[in-house]
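A quick write-up on the structure given underneath.
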Amino acid sequence: MENIMTNRLDRGFYMYQKEFEDAAIRTLRSGWYILGNELKSFEEKFASYTGAKYCVGVGNGLDALTLAVRALGIGEGDEVIVQGNTYIASVMGISINGATPVFCEPDEYYMLDAKRLEEKLTDKTKAVMVVHLYGHSADMESICAFCKKHNLKLIEDCAQSHGSFFKGKMTGTFGDIGCFSFYPSKNLGAFGDGGAIVTDSEEYRDRIKMLRNYGSSVRYYNDEVGVNSRLDEIQAALLSVRLAHMDELTKEKKEISARYLEKIRNDKFVLPKIAEGSDHIFHQFVIRSKERAKLIDYLNDKNISTIIHYPVPPHLSKAYEYLGIKKGTLPITEQYADEVLSIPMYNGLTKEEQDYVIKALNEF
Ligand SMILES: *Cc1c(COP(=O)(O)O)cnc(C)c1O
């Protein structure tokens with residue numbers, strides 16, 4: 001068997017090759033490359049896809065998070081509660097603004113554990129950032145109730161959850177601002193960097209539109225020190241193509257994962273679970289094993305690639321040494337970092353490849 005990668009982006013391109021090429025050429029020939037009609041049209045379509053009122057395209061997922069935190073007026077001296085087991089970008093979105101990330105342990109679904117939020121609350125807490133990690137939607141009922149009770153802002157990191165629902169409502173539409181990444185490997189991926197925020201608030205929409213473009217809403221009149229973070233026309237045009245196929249792309253990933261869940265039988269692993277009321281679009285299919293190093297080598301010998309999402313939890317990374325959080329402080333987060341493993345999962349993964357992965361895992 002040819003090497004099976006954890007994620008293969010060319011398959012997703014060839015599925016709709018003609019449409020992608022037509023959209024790219026149309027944009028190239030238009031003579032307009034930044035902040036034009038392709039972006040406007042994508043923003044409208046993506047807002048409507050999520051069910052939010054507004055969408056603002058930005059340069060990447062980190063900028064979406066950073067600008068969301070800033071637009072909510074959170075900065076120096078403020079605390080934001082975020083789950084410990086996330087990609088470090090969630091945490092950077094908070095700390096770049098001068099605010100302090102406060103880490104909360106995840107539950108058995110790898111989601112922010114709503115039962116532990118109360119113990120993280122201080123008089124400096126201004127917001128909660130929830131991450132719908134791997135594509136599973138967090139318990140938004142409990143998290144929204146907590147935020148409402150304590151008058152906190154809510155930011156959703158949806159970089160891995162495009163199209164994932166919680167009780168019929170799409171992730172990104174529960175909080176004040178939902179933040180998305182269109183990094184190529186994400187479920188809605190561009191062909192370069194890209195990101196967006198969605199919101200129902202006109203105020204936050206206008207603020208982020210201004211901030212993404214040097215703090216300017218009228219050309220060459222700058223009201224604030226902003227940033228340059230725009231979703232360019234070519235990426236917007238290509239994203240519109242993929243967005244039109246999102247339902248079938250999501251369905252395909254759910255089918256692959258359903259097959260994995262049905263056929264992988266080995267008590268040496270913990271398979272992913274889906275909480276009641278939650279949805280899972282399987283951005284990643286993450287298993288857990290106490291013998292991870294052995295498992296990685298074993299699968300490698302069979303030409304099956306795997307990735308660890310993520311080997312170092314943010315609180316133990318060098319970047320956040322300054323917070324002074326010791327190893328052992330977040331035992332569940334740390335255990336997950338030692339045991340999680342993502343197996344091949346992408347649009348276009350053939351049945352033959354799936355069966356090969358299943359057989360290898362069952363024989364470990
Ligand atoms: C990918 C990702 C981001 C950052 O997105 P970029 O577009 O790479 O900046 C943020 N949060 C999570 C959970 C992610 O997976």
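Residues in the structure tokens are numbered from 1 in each chain, the chains being A, B, ... in the order shown, and ligands are numbered from 1 in the order shown.
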Picked from stretch 10-188 of chain A by DSSP as strand (DSSP E or B), as JSON, numbers by chain: {"A": [54, 55, 56, 57, 58, 79, 80, 81, 82, 83, 100, 101, 102, 103, 104, 106, 112, 125, 126, 127, 128, 129, 130, 131, 136, 153, 154, 155, 156, 157, 165, 166, 169, 170, 177, 178, 179, 180, 181]}
Protein and nucleic residues near ligand 1, 10 Å, only C-alpha atoms and all ligand atoms, as an MDAnalysis selection string: chainID A and resid 58:66 85:93 130:135 156:161 179:186 189:190 192:196 283:284 309
How would the residues just chosen look if you wrote them out with C-alpha atoms as a compact mmCIF listing (two decimals), in the first residue's frame?
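Printed below is selection.txt as written:
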# COMPACT_ATOMS: atom_id res chain seq x y z
CA VAL A 58 -9.47 38.13 8.02
CA GLY A 59 -5.98 36.84 7.24
CA ASN A 60 -5.98 33.67 9.37
CA GLY A 61 -7.50 31.96 12.39
CA LEU A 62 -5.09 33.48 14.91
CA ASP A 63 -6.01 36.98 13.74
CA ALA A 64 -9.70 36.11 13.99
CA LEU A 65 -9.17 35.17 17.66
CA THR A 66 -6.86 38.10 18.42
CA ASN A 85 -5.86 20.97 25.64
CA THR A 86 -6.10 23.30 22.68
CA TYR A 87 -3.92 24.38 19.79
CA ILE A 88 -1.69 27.17 21.08
CA ALA A 89 -3.30 29.75 18.75
CA SER A 90 -6.38 29.91 21.03
CA VAL A 91 -4.12 30.95 23.90
CA MET A 92 -2.09 33.40 21.82
CA GLY A 93 -5.29 35.12 20.73
CA VAL A 130 -14.44 27.60 24.11
CA VAL A 131 -12.72 25.45 21.48
CA HIS A 132 -14.77 22.90 19.54
CA LEU A 133 -11.69 20.73 19.30
CA TYR A 134 -11.34 18.06 16.59
CA GLY A 135 -14.81 19.01 15.24
CA GLU A 156 -15.84 30.39 20.21
CA ASP A 157 -12.75 28.99 18.51
CA CYS A 158 -14.31 27.18 15.56
CA ALA A 159 -11.07 26.59 13.64
CA GLN A 160 -11.86 22.86 13.71
CA SER A 161 -15.66 22.89 13.74
CA CYS A 179 -13.69 32.60 15.07
CA PHE A 180 -12.78 30.44 12.09
CA SER A 181 -9.57 29.42 10.34
CA PHE A 182 -9.46 28.42 6.69
CA TYR A 183 -5.94 26.99 6.91
CA PRO A 184 -5.72 24.42 4.07
CA SER A 185 -6.11 21.35 6.30
CA LYS A 186 -9.26 22.59 8.07
CA GLY A 189 -9.83 24.95 3.82
CA ALA A 190 -8.42 27.61 1.52
CA GLY A 192 -3.24 29.46 1.61
CA ASP A 193 -3.99 31.28 4.85
CA GLY A 194 -7.45 32.59 5.66
CA GLY A 195 -9.84 33.20 8.52
CA ALA A 196 -13.10 34.90 9.50
CA HIS A 283 -11.76 17.45 11.59
CA GLN A 284 -9.50 14.91 13.28
CA HIS A 309 -2.66 16.94 18.25
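For the set A:Ala114, A:Leu271, A:Ala319, A:Thr6, the residue with the smallest atom-to-atom gap to A:Ile296 is A:Thr6, counting only C-alpha atoms.
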Helix (DSSP H, G or I) residues, from DSSP on the backbone, in stretch 170-334 of chain A, as JSON, numbers by chain: {"A": [202, 203, 204, 205, 206, 207, 208, 209, 210, 211, 233, 234, 235, 236, 237, 238, 239, 240, 241, 242, 243, 246, 247, 248, 249, 250, 251, 252, 253, 254, 255, 256, 257, 258, 259, 260, 261, 262, 263, 292, 293, 294, 295, 296, 297, 298, 299, 300, 301, 314, 315, 316, 318, 319, 320, 321, 322, 323, 331, 332, 333, 334]}
Counting only C-alpha atoms, which residues of stretch 334-363 of chain A sit at most 12 Å from some atom of stretch 79-84 of chain A, and what is each one's closest atom pair with its distance in Å to one decimal, listed by chain and rising residue number, as a tab-separated table?
residue	atom	partner	partner_atom	distance
A:Glu334	CA	A:Gly84	CA	8.6
A:Gln335	CA	A:Gly84	CA	11.2
A:Tyr336	CA	A:Gly84	CA	10.1
A:Ala337	CA	A:Gly84	CA	10.0
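The smallest atom-to-atom distance between A:Glu224 and any of A:Arg207, A:Lys149, A:Ile308, A:Glu262, using only C-alpha atoms, is found for A:Arg207.
Between A:Asn97 and the residues A:Leu323, A:Val312, A:Glu76, A:Asp223, the shortest atom-to-atom distance, using only C-alpha atoms, involves A:Glu76.
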Nearest residue to A:Leu239 from the set A:Ile177, A:Met111, A:Ala23, A:Cys104 (distances using only C-alpha atoms):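 Nearest candidate to A:Leu239 out of A:Ile177, A:Met111, A:Ala23, A:Cys104: A:Ala23.
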A:Glu141 environment, 10 Å, only C-alpha atoms, sequence neighbours closer than 5 positions dropped, as a list in words: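 Surrounding residues, per the criterion: Ala114, Phe146, Phe166, Lys167, Phe174 and Gly277 of chain A.
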With N, CA, C and O atoms retained, export the selected residues as an mmCIF file, in the first residue's frame.
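In the end it all went to selection-v2.cif:
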data_model
loop_
_atom_site.group_PDB
_atom_site.id
_atom_site.type_symbol
_atom_site.label_atom_id
_atom_site.label_comp_id
_atom_site.auth_asym_id
_atom_site.auth_seq_id
_atom_site.Cartn_x
_atom_site.Cartn_y
_atom_site.Cartn_z
ATOM 1 N N ALA A 114 -17.462 22.099 31.472
ATOM 2 C CA ALA A 114 -18.297 23.164 32.049
ATOM 3 C C ALA A 114 -18.406 23.058 33.571
ATOM 4 O O ALA A 114 -18.561 24.067 34.256
ATOM 5 N N PHE A 146 -23.305 29.561 32.145
ATOM 6 C CA PHE A 146 -22.244 30.060 33.033
ATOM 7 C C PHE A 146 -21.875 31.503 32.674
ATOM 8 O O PHE A 146 -21.764 32.366 33.553
ATOM 9 N N PHE A 166 -24.563 22.220 17.717
ATOM 10 C CA PHE A 166 -24.934 21.762 19.056
ATOM 11 C C PHE A 166 -26.439 21.953 19.157
ATOM 12 O O PHE A 166 -26.935 23.084 19.029
ATOM 13 N N LYS A 167 -27.178 20.874 19.369
ATOM 14 C CA LYS A 167 -28.640 20.906 19.421
ATOM 15 C C LYS A 167 -29.238 21.759 18.302
ATOM 16 O O LYS A 167 -30.071 22.643 18.548
ATOM 17 N N PHE A 174 -23.141 30.768 19.127
ATOM 18 C CA PHE A 174 -23.595 30.787 20.526
ATOM 19 C C PHE A 174 -23.021 31.980 21.287
ATOM 20 O O PHE A 174 -23.683 32.565 22.129
ATOM 21 N N GLY A 277 -26.476 15.518 22.290
ATOM 22 C CA GLY A 277 -26.748 16.907 21.923
ATOM 23 C C GLY A 277 -25.644 17.513 21.074
ATOM 24 O O GLY A 277 -25.849 18.505 20.390
#
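Taking atom CA of A:Ala145 and atom CA of A:Thr125 as endpoints, the distance between them is 15.4 Å.
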Which of A:Ile96, A:Ile343, A:Val241, A:Val286 sits closest to A:Pro272 [using only C-alpha atoms]: A:Val286
For atom CA of A:Cys55 and atom CA of A:Glu43, the interatomic separation in Å (one decimal):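 About the pair atom CA of A:Cys55 and atom CA of A:Glu43: they are 5.1 Å apart.
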A:Phe269 surroundings by only C-alpha atoms, 10 Å radius, close-in-sequence under 6 positions cut, as a PyMOL selection string: chain A and resi 287-292+295+339-341+361-362+364
Exercise: A:Arg8 partners within 9 Å, only C-alpha atoms, chain neighbours under 2 positions left out, as a ChimeraX atom specification: /A:4-6,10-12,185,344-349
Please dump the current selection as a short mmCIF file (atom, residue, chain, number, x, y, z; two decimals), in the first residue's frame; keep all heavy atoms.
data_model
loop_
_atom_site.label_atom_id
_atom_site.label_comp_id
_atom_site.auth_asym_id
_atom_site.auth_seq_id
_atom_site.Cartn_x
_atom_site.Cartn_y
_atom_site.Cartn_z
N ILE A 4 -0.15 6.12 3.43
CA ILE A 4 -1.42 6.79 3.74
C ILE A 4 -1.13 7.94 4.69
O ILE A 4 -0.72 7.72 5.83
CB ILE A 4 -2.45 5.83 4.36
CG1 ILE A 4 -2.67 4.64 3.43
CG2 ILE A 4 -3.78 6.56 4.62
CD1 ILE A 4 -3.63 3.60 3.97
N MET A 5 -1.30 9.16 4.20
CA MET A 5 -1.01 10.33 5.02
C MET A 5 -2.15 10.58 6.00
O MET A 5 -3.26 10.10 5.80
CB MET A 5 -0.80 11.55 4.12
CG MET A 5 0.45 11.43 3.25
SD MET A 5 0.33 12.40 1.74
CE MET A 5 0.48 14.05 2.37
N THR A 6 -1.86 11.36 7.04
CA THR A 6 -2.92 11.69 8.01
C THR A 6 -3.94 12.61 7.35
O THR A 6 -5.13 12.54 7.61
CB THR A 6 -2.33 12.37 9.26
OG1 THR A 6 -1.10 11.74 9.57
CG2 THR A 6 -3.26 12.23 10.44
N ASP A 10 -4.44 17.23 -1.77
CA ASP A 10 -4.64 17.19 -3.23
C ASP A 10 -5.96 16.49 -3.59
O ASP A 10 -6.65 16.87 -4.54
CB ASP A 10 -3.45 16.52 -3.94
CG ASP A 10 -3.16 15.12 -3.41
OD1 ASP A 10 -3.57 14.81 -2.27
OD2 ASP A 10 -2.52 14.34 -4.14
N ARG A 11 -6.35 15.51 -2.77
CA ARG A 11 -7.62 14.81 -3.06
C ARG A 11 -8.79 15.80 -3.05
O ARG A 11 -9.67 15.73 -3.90
CB ARG A 11 -7.86 13.71 -2.02
CG ARG A 11 -6.84 12.59 -2.02
CD ARG A 11 -7.31 11.40 -2.84
NE ARG A 11 -6.26 10.39 -2.97
CZ ARG A 11 -6.08 9.36 -2.16
NH1 ARG A 11 -6.89 9.18 -1.13
NH2 ARG A 11 -5.13 8.49 -2.36
N GLY A 12 -8.78 16.68 -2.08
CA GLY A 12 -9.85 17.67 -1.96
C GLY A 12 -9.85 18.68 -3.10
O GLY A 12 -10.89 19.24 -3.45
N SER A 185 -5.72 22.67 5.79
CA SER A 185 -6.11 21.35 6.30
C SER A 185 -7.43 21.36 7.07
O SER A 185 -7.93 20.31 7.44
CB SER A 185 -5.01 20.82 7.23
OG SER A 185 -4.98 21.58 8.41
N PRO A 344 -5.37 8.65 9.91
CA PRO A 344 -5.76 9.26 8.63
C PRO A 344 -7.26 9.58 8.52
O PRO A 344 -8.10 8.72 8.82
CB PRO A 344 -5.36 8.19 7.60
CG PRO A 344 -4.17 7.53 8.24
CD PRO A 344 -4.51 7.47 9.71
N MET A 345 -7.56 10.80 8.15
CA MET A 345 -8.95 11.27 8.05
C MET A 345 -8.98 12.48 7.12
O MET A 345 -8.46 13.54 7.48
CB MET A 345 -9.46 11.65 9.45
CG MET A 345 -10.79 12.41 9.48
SD MET A 345 -12.15 11.59 8.67
CE MET A 345 -12.51 10.28 9.84
N TYR A 346 -9.49 12.28 5.92
CA TYR A 346 -9.62 13.42 5.01
C TYR A 346 -10.61 13.09 3.90
O TYR A 346 -10.93 11.91 3.68
CB TYR A 346 -8.27 13.82 4.40
CG TYR A 346 -7.48 12.68 3.78
CD1 TYR A 346 -7.73 12.25 2.49
CD2 TYR A 346 -6.50 12.02 4.52
CE1 TYR A 346 -7.01 11.21 1.92
CE2 TYR A 346 -5.77 10.97 3.97
CZ TYR A 346 -6.02 10.58 2.67
OH TYR A 346 -5.32 9.55 2.13
N ASN A 347 -11.11 14.14 3.26
CA ASN A 347 -12.02 13.92 2.13
C ASN A 347 -11.24 13.26 1.00
O ASN A 347 -10.16 13.69 0.63
CB ASN A 347 -12.61 15.25 1.66
CG ASN A 347 -13.64 15.79 2.63
OD1 ASN A 347 -13.45 16.84 3.25
ND2 ASN A 347 -14.73 15.06 2.81
N GLY A 348 -11.81 12.17 0.51
CA GLY A 348 -11.15 11.45 -0.58
C GLY A 348 -10.37 10.24 -0.09
O GLY A 348 -9.73 9.55 -0.89
N LEU A 349 -10.40 9.95 1.22
CA LEU A 349 -9.77 8.73 1.76
C LEU A 349 -10.59 7.53 1.24
O LEU A 349 -11.77 7.41 1.57
CB LEU A 349 -9.79 8.78 3.29
CG LEU A 349 -9.08 7.66 4.07
CD1 LEU A 349 -7.57 7.78 3.96
CD2 LEU A 349 -9.47 7.69 5.55
#
Close residues, A:Tyr109 itself excluded, 8 Å, only C-alpha atoms, min 4 positions apart in chain, as a ChimeraX atom specification: /A:136,272-275
All heavy atoms of the current selection, written as a PDB file, in the first residue's frame:
ATOM      1  N   HIS A 136     -15.763  18.298  17.356  1.00  0.00           N
ATOM      2  CA  HIS A 136     -16.859  17.968  18.286  1.00  0.00           C
ATOM      3  C   HIS A 136     -17.366  19.274  18.904  1.00  0.00           C
ATOM      4  O   HIS A 136     -16.569  20.127  19.272  1.00  0.00           O
ATOM      5  CB  HIS A 136     -16.310  17.040  19.372  1.00  0.00           C
ATOM      6  CG  HIS A 136     -17.332  16.531  20.337  1.00  0.00           C
ATOM      7  ND1 HIS A 136     -17.901  17.326  21.312  1.00  0.00           N
ATOM      8  CD2 HIS A 136     -17.889  15.301  20.487  1.00  0.00           C
ATOM      9  CE1 HIS A 136     -18.761  16.600  22.009  1.00  0.00           C
ATOM     10  NE2 HIS A 136     -18.773  15.370  21.530  1.00  0.00           N
ATOM     11  N   PRO A 272     -12.879   7.917  19.861  1.00  0.00           N
ATOM     12  CA  PRO A 272     -13.627   9.147  20.163  1.00  0.00           C
ATOM     13  C   PRO A 272     -15.107   8.853  20.420  1.00  0.00           C
ATOM     14  O   PRO A 272     -15.670   7.925  19.837  1.00  0.00           O
ATOM     15  CB  PRO A 272     -13.452   9.994  18.900  1.00  0.00           C
ATOM     16  CG  PRO A 272     -13.026   9.056  17.826  1.00  0.00           C
ATOM     17  CD  PRO A 272     -12.331   7.909  18.499  1.00  0.00           C
ATOM     18  N   LYS A 273     -15.695   9.655  21.305  1.00  0.00           N
ATOM     19  CA  LYS A 273     -17.120   9.505  21.626  1.00  0.00           C
ATOM     20  C   LYS A 273     -17.829  10.806  21.276  1.00  0.00           C
ATOM     21  O   LYS A 273     -17.199  11.859  21.217  1.00  0.00           O
ATOM     22  CB  LYS A 273     -17.293   9.238  23.128  1.00  0.00           C
ATOM     23  CG  LYS A 273     -16.805   7.868  23.556  1.00  0.00           C
ATOM     24  CD  LYS A 273     -16.946   7.677  25.051  1.00  0.00           C
ATOM     25  CE  LYS A 273     -16.052   8.628  25.812  1.00  0.00           C
ATOM     26  NZ  LYS A 273     -15.969   8.361  27.252  1.00  0.00           N
ATOM     27  N   ILE A 274     -19.128  10.703  21.065  1.00  0.00           N
ATOM     28  CA  ILE A 274     -19.902  11.909  20.758  1.00  0.00           C
ATOM     29  C   ILE A 274     -20.913  12.120  21.882  1.00  0.00           C
ATOM     30  O   ILE A 274     -21.726  11.238  22.170  1.00  0.00           O
ATOM     31  CB  ILE A 274     -20.612  11.789  19.397  1.00  0.00           C
ATOM     32  CG1 ILE A 274     -19.592  11.446  18.302  1.00  0.00           C
ATOM     33  CG2 ILE A 274     -21.354  13.090  19.060  1.00  0.00           C
ATOM     34  CD1 ILE A 274     -20.181  11.157  16.936  1.00  0.00           C
ATOM     35  N   ALA A 275     -20.856  13.281  22.518  1.00  0.00           N
ATOM     36  CA  ALA A 275     -21.747  13.572  23.641  1.00  0.00           C
ATOM     37  C   ALA A 275     -23.166  13.794  23.143  1.00  0.00           C
ATOM     38  O   ALA A 275     -23.378  14.233  22.009  1.00  0.00           O
ATOM     39  CB  ALA A 275     -21.263  14.814  24.380  1.00  0.00           C
TER      40      ALA A 275
END
Top pick for closest residue to A:Ala258, considering A:Thr122, A:Asn37, A:Gln354, A:Ser164 and counting only C-alpha atoms: A:Gln354
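Take atom CA of A:Ile25 and atom CA of A:Ala244: the distance between them is 18.2 Å.
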